[in-house]
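Have a look at entry_25.cif; it's mmCIF, C-alpha atoms:
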data_query
#
loop_
_atom_site.label_atom_id
_atom_site.label_comp_id
_atom_site.auth_asym_id
_atom_site.auth_seq_id
_atom_site.Cartn_x
_atom_site.Cartn_y
_atom_site.Cartn_z
CA MET A 1 110.57 101.87 84.84
CA LEU A 2 109.95 100.22 88.21
CA LYS A 3 113.12 99.79 90.23
CA LEU A 4 112.75 96.97 92.71
CA ASN A 5 115.42 96.40 95.33
CA ASP A 6 115.76 93.63 97.90
CA THR A 7 113.09 91.27 96.64
CA ILE A 8 113.61 87.63 97.65
CA LYS A 9 113.05 84.31 95.92
CA PRO A 10 110.89 82.84 94.59
CA HIS A 11 109.08 86.04 93.49
CA THR A 12 111.79 88.49 92.50
CA GLY A 13 109.79 90.71 90.17
CA ASP A 14 111.94 89.92 87.14
CA GLU A 15 108.83 89.68 84.96
CA ILE A 16 106.28 92.47 85.32
CA TYR A 17 103.75 93.61 82.74
CA THR A 18 102.51 97.20 82.73
CA ARG A 19 99.85 99.07 80.81
CA GLY A 20 98.26 102.50 80.83
CA ALA A 21 100.03 105.69 81.82
CA ASP A 22 103.80 105.66 82.00
CA LEU A 23 105.29 105.70 85.48
CA ILE A 24 106.60 109.27 85.25
CA ASN A 25 103.20 110.74 84.37
CA ALA A 26 100.86 108.35 86.20
CA GLU A 27 98.65 109.85 88.92
CA SER A 28 97.44 106.50 90.26
CA ALA A 29 98.35 102.82 90.06
CA MET A 30 96.73 99.41 90.30
CA ILE A 31 98.78 96.38 91.32
CA MET A 32 97.11 93.26 89.89
CA LEU A 33 97.89 89.76 91.20
CA HIS A 34 96.91 86.68 89.23
CA GLY A 35 95.59 83.40 90.60
CA ARG A 36 97.22 79.98 90.77
CA GLY A 37 98.16 78.89 87.26
CA GLY A 38 97.32 82.33 85.90
CA SER A 39 99.66 84.92 84.49
CA SER A 40 100.55 88.58 84.67
CA GLN A 41 99.45 88.86 81.03
CA SER A 42 95.94 87.70 81.94
CA MET A 43 95.73 90.43 84.59
CA ILE A 44 96.92 93.08 82.15
CA ASP A 45 94.19 91.87 79.79
CA LEU A 46 91.69 92.38 82.64
CA SER A 47 92.95 95.95 83.14
CA HIS A 48 91.23 96.94 79.89
CA GLU A 49 87.95 96.69 81.82
CA PHE A 50 88.90 99.60 84.08
CA ASN A 51 88.45 103.25 83.20
CA SER A 52 91.30 105.52 84.15
CA ASP A 53 93.35 107.62 81.75
CA ASN A 54 96.05 108.48 84.27
CA MET A 55 96.54 105.08 85.91
CA ILE A 56 99.42 102.66 85.48
CA PHE A 57 98.48 98.99 85.76
CA ILE A 58 101.19 96.71 87.13
CA ALA A 59 100.96 92.92 87.00
CA PRO A 60 103.89 90.93 88.44
CA GLN A 61 104.38 87.30 87.49
CA ALA A 62 104.60 84.68 90.24
CA ASP A 63 107.39 82.15 89.99
CA ASN A 64 106.08 79.03 88.25
CA PHE A 65 102.66 80.76 88.03
CA THR A 66 101.99 80.13 91.74
CA TRP A 67 102.34 82.53 94.66
CA TYR A 68 102.39 79.74 97.29
CA PRO A 69 102.09 75.96 96.99
CA TYR A 70 99.06 74.94 99.06
CA ARG A 71 95.52 76.19 99.77
CA PHE A 72 95.30 79.56 101.50
CA ILE A 73 93.44 78.00 104.45
CA GLU A 74 96.43 75.83 105.40
CA GLU A 75 98.91 76.87 108.08
CA ARG A 76 100.93 79.85 106.88
CA GLU A 77 104.21 78.02 107.47
CA VAL A 78 103.56 75.41 104.78
CA ASN A 79 103.08 78.20 102.22
CA GLN A 80 106.39 79.88 102.94
CA PRO A 81 108.55 81.35 101.54
CA GLY A 82 105.94 82.09 98.87
CA ILE A 83 103.73 84.31 101.03
CA LYS A 84 106.64 86.30 102.44
CA SER A 85 108.29 86.67 99.04
CA GLY A 86 105.04 87.80 97.41
CA MET A 87 104.34 90.34 100.13
CA ILE A 88 107.85 91.76 99.88
CA LEU A 89 107.38 92.07 96.12
CA ILE A 90 104.14 94.05 96.64
CA ASP A 91 105.92 96.22 99.19
CA LYS A 92 108.80 97.00 96.82
CA ILE A 93 106.41 97.84 93.98
CA ILE A 94 104.58 100.25 96.27
CA ASP A 95 107.90 101.77 97.39
CA SER A 96 108.80 102.40 93.75
CA LEU A 97 105.41 103.98 93.05
CA VAL A 98 105.70 106.29 96.05
CA LEU A 99 109.23 107.22 95.02
CA ASN A 100 107.74 108.30 91.69
CA GLY A 101 105.18 110.54 93.39
CA ILE A 102 102.10 108.29 93.55
CA VAL A 103 100.61 108.54 97.04
CA HIS A 104 99.20 105.52 98.87
CA THR A 105 95.63 106.81 98.54
CA LYS A 106 96.04 106.54 94.77
CA ILE A 107 97.37 102.97 94.87
CA TYR A 108 94.91 100.12 94.36
CA LEU A 109 95.46 96.44 95.08
CA LEU A 110 93.49 93.89 93.07
CA GLY A 111 93.80 90.15 93.06
CA PHE A 112 91.97 87.09 91.85
CA SER A 113 91.89 83.82 93.81
CA GLN A 114 95.38 83.12 95.18
CA GLY A 115 96.41 86.64 94.18
CA ALA A 116 93.35 88.07 95.97
CA CYS A 117 94.38 86.32 99.18
CA LEU A 118 97.90 87.72 98.91
CA ALA A 119 96.73 91.26 98.13
CA LEU A 120 94.27 91.25 101.04
CA ASP A 121 96.76 89.77 103.47
CA TYR A 122 99.30 92.42 102.48
CA ALA A 123 96.84 95.26 103.04
CA ALA A 124 95.65 93.88 106.38
CA ARG A 125 99.22 93.50 107.64
CA ASN A 126 100.31 96.87 106.22
CA PRO A 127 97.22 98.94 107.00
CA LYS A 128 96.99 102.51 105.76
CA GLY A 129 94.80 104.53 103.43
CA TYR A 130 94.93 102.92 99.97
CA GLY A 131 92.86 103.82 96.94
CA GLY A 132 91.08 100.51 97.25
CA VAL A 133 91.58 96.78 97.82
CA PHE A 134 89.62 94.51 95.49
CA VAL A 135 89.40 90.89 96.63
CA LEU A 136 87.96 88.75 93.84
CA SER A 137 87.44 85.25 95.24
CA GLY A 138 89.78 85.40 98.20
CA GLY A 139 90.22 85.85 101.94
CA LEU A 140 92.86 86.28 104.62
CA ILE A 141 95.56 83.60 104.63
CA GLY A 142 95.92 80.97 107.34
CA LYS A 143 94.30 77.89 108.83
CA SER A 144 92.45 80.28 111.13
CA VAL A 145 92.35 84.05 111.42
CA THR A 146 91.73 86.21 114.48
CA ALA A 147 91.32 89.95 114.74
CA SER A 148 94.16 90.27 117.28
CA GLU A 149 96.68 89.39 114.54
CA TYR A 150 95.86 92.59 112.65
CA ILE A 151 96.53 96.03 114.12
CA GLY A 152 96.29 99.44 112.48
CA ASP A 153 94.06 101.83 110.58
CA MET A 154 92.93 101.41 106.98
CA GLU A 155 91.63 105.01 107.07
CA ARG A 156 88.32 104.07 105.39
CA THR A 157 89.98 102.39 102.42
CA PRO A 158 87.28 100.81 100.21
CA VAL A 159 87.71 97.04 100.45
CA PHE A 160 85.56 94.90 98.17
CA PHE A 161 84.94 91.17 98.51
CA GLY A 162 83.27 89.38 95.61
CA CYS A 163 82.84 85.60 95.48
CA SER A 164 80.46 82.80 94.61
CA ASP A 165 78.42 81.02 97.27
CA ASN A 166 79.63 77.70 95.88
CA ASP A 167 83.31 78.39 95.22
CA PHE A 168 85.18 75.18 96.10
CA HIS A 169 88.43 77.09 96.68
CA ILE A 170 87.07 79.87 98.92
CA PRO A 171 84.90 79.02 101.95
CA GLU A 172 82.21 81.67 102.43
CA SER A 173 82.91 81.59 106.16
CA ARG A 174 86.47 82.83 105.55
CA ILE A 175 85.15 85.73 103.47
CA THR A 176 82.84 86.71 106.32
CA GLU A 177 85.67 86.46 108.87
CA SER A 178 87.99 88.47 106.64
CA ALA A 179 85.40 91.17 106.04
CA GLU A 180 84.83 91.58 109.78
CA ILE A 181 88.56 91.86 110.45
CA LEU A 182 88.94 94.53 107.77
CA LYS A 183 86.02 96.42 109.32
CA SER A 184 87.86 96.30 112.65
CA LEU A 185 90.79 97.98 110.88
CA ASN A 186 88.49 100.86 109.86
CA ALA A 187 88.11 99.80 106.22
CA ASP A 188 84.96 100.64 104.27
CA VAL A 189 83.97 97.06 103.45
CA THR A 190 81.57 95.83 100.77
CA LYS A 191 80.87 92.10 100.48
CA ARG A 192 78.91 90.56 97.62
CA ILE A 193 78.21 86.83 97.44
CA TYR A 194 76.92 85.69 94.06
CA ARG A 195 74.72 82.62 93.62
CA ASN A 196 76.24 79.83 91.54
CA LEU A 197 78.90 82.07 90.01
CA GLY A 198 81.73 79.57 90.19
CA HIS A 199 85.38 80.54 90.42
CA THR A 200 85.47 83.55 88.12
CA ILE A 201 85.02 87.33 87.82
CA ASN A 202 81.71 88.91 86.82
CA GLN A 203 80.53 92.23 85.39
CA ASP A 204 79.04 93.44 88.67
CA GLU A 205 82.48 93.25 90.27
CA ILE A 206 84.03 95.16 87.37
CA ASP A 207 81.34 97.84 87.62
CA PHE A 208 81.85 98.24 91.37
CA ILE A 209 85.60 98.66 90.97
CA ASN A 210 85.09 101.27 88.26
CA GLU A 211 82.77 103.19 90.60
CA ILE A 212 85.44 103.29 93.30
CA ILE A 213 88.09 104.43 90.83
CA LYS A 214 85.77 107.15 89.52
CA GLN A 215 85.12 108.47 93.05
CA LYS A 216 88.84 108.94 93.65
#
In structure tokens, write the structure found in this file.
Amino acid sequence: MLKLNDTIKPHTGDEIYTRGADLINAESAMIMLHGRGGSSQSMIDLSHEFNSDNMIFIAPQADNFTWYPYRFIEEREVNQPGIKSGMILIDKIIDSLVLNGIVHTKIYLLGFSQGACLALDYAARNPKGYGGVFVLSGGLIGKSVTASEYIGDMERTPVFFGCSDNDFHIPESRITESAEILKSLNADVTKRIYRNLGHTINQDEIDFINEIIKQK
């Protein structure tokens, strides 16, 4: 069982769904963050699309189904303490995984929409070699983003951006900016913009993620 210490409100990790290998025997892990209005159960349902016999899938529930109150392209301050609380929750989950013998290069971060923004922002502000970071309709958080805010080495972590060209919630320009910043952190970045996809997840994204998992 995950033991999480020192989380802060509003996202304390009291409700977390898991699936796959048990924590004691798992060789890898995927932390899955839902979007605004979504649920940890919906992310666990998505985990059935991924092929790994020895992976534990972990989906924490955001308080009131929302990681932070406003759009991710607003000033960070107006979305606090949600951003900080969510990032601390991710950090404590990772600490628990490492304590149980799962190395960072076998830990994957995946998020959709609001959860994708949070997962990406966490990785960019805590850069190291992860198994992969999968950003499904998301970008770095803030009214503006500049490369000087992000320092460190992602050690060629695969980072995948997938989004529609007409997603009302996610400006394509922010995806491009985010991808360039992750490249500057030495991530192995793949960006795919899909025509008229809308705000959803498609099979090509699932297939790409499975390829990265298989390579590890």
Shell around Val159 in chain A at 7 Å using all atoms listed in the file, local window under 3 positions removed, as a PyMOL selection string
chain A and resi 132-134+187-190
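Counting only C-alpha atoms, the residue from A:Gln114, A:Ser173, A:Asn64, A:Gln203 that sits nearest to Thr12 in chain A is A:Asn64.
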List as a tab-separated table (two decimals) with C-alpha atoms, keeping the file's coordinate frame the protein and nucleic acid residues near Glu172 in chain A, meaning an atom at most 10 Å away when all atoms listed in the file are counted, but skip any in the same chain fewer than 6 places from it.
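Wrote selection21.tsv, looks like this:
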chain	number	residue	atom	x	y	z
A	137	SER	CA	87.44	85.25	95.24
A	138	GLY	CA	89.78	85.40	98.20
A	139	GLY	CA	90.22	85.85	101.94
A	163	CYS	CA	82.84	85.60	95.48
A	164	SER	CA	80.46	82.80	94.61
A	165	ASP	CA	78.42	81.02	97.27
A	166	ASN	CA	79.63	77.70	95.88
A	178	SER	CA	87.99	88.47	106.64
A	193	ILE	CA	78.21	86.83	97.44
Name the residues captured by the PyMOL selection byres ((chain A and resi 101-104) around 12) when it is applied to the shown file; answer as number ranges by chain.
A: 22-31, 54-56, 91, 93-100, 105-109, 123, 126-133, 154-155, 157
Please expand the PyMOL selection byres ((chain A and resi 70-84) around 6) into the concrete residues it hits in this file, giving the result as a PyMOL selection string.
chain A and resi 67-69+85-87+141-143
Any idea what's packed within 12 Å of Ser148 in chain A, counting only C-alpha atoms, ignoring anything in its chain fewer than 5 positions away? Could you give it as JSON, numbers by chain?
{"A": [124, 125, 181, 182, 184, 185]}
Do you have, as a Markdown table, the list of residues of range 107-145 of chain A lying at most 12 Å from range 44-51 of chain A, each with its nearest atom pair and that distance in Å to one decimal, counting all atoms listed in the file and ordered by chain then number?
| residue | atom | partner | partner_atom | distance |
| --- | --- | --- | --- | --- |
| A:Tyr108 | CA | A:Phe50 | CA | 11.9 |
| A:Leu110 | CA | A:Ser47 | CA | 10.2 |
| A:Gly111 | CA | A:Leu46 | CA | 10.9 |
| A:Phe112 | CA | A:Leu46 | CA | 10.6 |
State, in Å with one decimal place, the distance from CA of Lys3 in chain A to CA of Asp121 in chain A.
23.3 Å
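Between Leu120 in chain A and the candidates A:His169, A:Ala179, A:Asp6, A:Ala147, the tightest atom-to-atom separation, counting all atoms listed in the file, involves A:Ala179.
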Please tabulate, as a Markdown table, the residues of range 18-49 of chain A that come within 7 Å of range 59-62 of chain A, each with its closest pair of atoms and the distance in Å to one decimal, counting all atoms listed in the file and ordering rows by chain, then residue number upward.
| residue | atom | partner | partner_atom | distance |
| --- | --- | --- | --- | --- |
| A:Thr18 | CA | A:Ala59 | CA | 6.2 |
| A:Ile31 | CA | A:Ala59 | CA | 5.9 |
| A:Met32 | CA | A:Ala59 | CA | 4.8 |
| A:Leu33 | CA | A:Ala59 | CA | 6.1 |
| A:Ser39 | CA | A:Gln61 | CA | 6.1 |
| A:Ser40 | CA | A:Gln61 | CA | 4.9 |
| A:Met43 | CA | A:Ala59 | CA | 6.3 |
| A:Ile44 | CA | A:Ala59 | CA | 6.3 |
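CA of Arg36 in chain A sits 18.5 Å away from CA of Arg174 in chain A.
Reported to one decimal place, the separation of CA of Thr7 in chain A from CA of Ile88 in chain A is 6.2 Å.
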Using all atoms listed in the file: which of A:Glu177, A:Ile151, A:Ile209, A:Asp167 has the shortest distance to Tyr194 in chain A:
A:Asp167
Centre and edges of the range 68-78 of chain A box, axis-aligned, 8 Å extra per side, as AutoDock Vina command-line options:
--center_x 98.8 --center_y 77.4 --center_z 102.5 --size_x 26.8 --size_y 20.9 --size_z 27.1
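Distance check against Lys216 in chain A using all atoms listed in the file: of A:Lys183, A:Asp63, A:Ser52, A:Cys117, the minimum falls on A:Ser52.
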Pick out the closest residue to Tyr17 in chain A from this set: A:Ile58, A:Ile213, A:Ala116, A:Leu140. Count all atoms listed in the file.
A:Ile58
Would you mind completing range 186-203 of chain A to N, CA and C atoms and writing the output as a CSV table (one decimal), in the frame of the given file?
chain,number,residue,atom,x,y,z
A,186,ASN,N,89.1,99.6,110.3
A,186,ASN,CA,88.5,100.9,109.9
A,186,ASN,C,88.5,100.9,108.3
A,187,ALA,N,88.3,99.8,107.7
A,187,ALA,CA,88.1,99.8,106.2
A,187,ALA,C,86.6,100.0,105.9
A,188,ASP,N,86.3,100.5,104.8
A,188,ASP,CA,85.0,100.6,104.3
A,188,ASP,C,84.7,99.4,103.4
A,189,VAL,N,84.1,98.4,104.0
A,189,VAL,CA,84.0,97.1,103.4
A,189,VAL,C,82.6,96.8,102.7
A,190,THR,N,82.7,96.3,101.5
A,190,THR,CA,81.6,95.8,100.8
A,190,THR,C,81.8,94.4,100.5
A,191,LYS,N,80.8,93.5,100.8
A,191,LYS,CA,80.9,92.1,100.5
A,191,LYS,C,79.7,91.7,99.6
A,192,ARG,N,80.0,91.0,98.5
A,192,ARG,CA,78.9,90.6,97.6
A,192,ARG,C,79.1,89.1,97.3
A,193,ILE,N,78.2,88.3,97.7
A,193,ILE,CA,78.2,86.8,97.4
A,193,ILE,C,77.2,86.5,96.3
A,194,TYR,N,77.7,85.9,95.2
A,194,TYR,CA,76.9,85.7,94.1
A,194,TYR,C,76.5,84.2,94.0
A,195,ARG,N,75.3,84.0,93.7
A,195,ARG,CA,74.7,82.6,93.6
A,195,ARG,C,75.2,81.9,92.4
A,196,ASN,N,75.8,80.7,92.6
A,196,ASN,CA,76.2,79.8,91.5
A,196,ASN,C,77.2,80.5,90.5
A,197,LEU,N,78.0,81.4,90.9
A,197,LEU,CA,78.9,82.1,90.0
A,197,LEU,C,80.0,81.2,89.6
A,198,GLY,N,80.5,80.3,90.5
A,198,GLY,CA,81.7,79.6,90.2
A,198,GLY,C,83.0,80.4,90.5
A,199,HIS,N,84.1,79.9,90.1
A,199,HIS,CA,85.4,80.5,90.4
A,199,HIS,C,85.8,81.4,89.3
A,200,THR,N,85.2,82.6,89.2
A,200,THR,CA,85.5,83.6,88.1
A,200,THR,C,85.2,85.0,88.5
A,201,ILE,N,85.3,85.9,87.6
A,201,ILE,CA,85.0,87.3,87.8
A,201,ILE,C,83.8,87.7,87.0
A,202,ASN,N,82.9,88.5,87.6
A,202,ASN,CA,81.7,88.9,86.8
A,202,ASN,C,81.6,90.4,86.6
A,203,GLN,N,80.7,90.8,85.8
A,203,GLN,CA,80.5,92.2,85.4
A,203,GLN,C,80.2,93.1,86.6
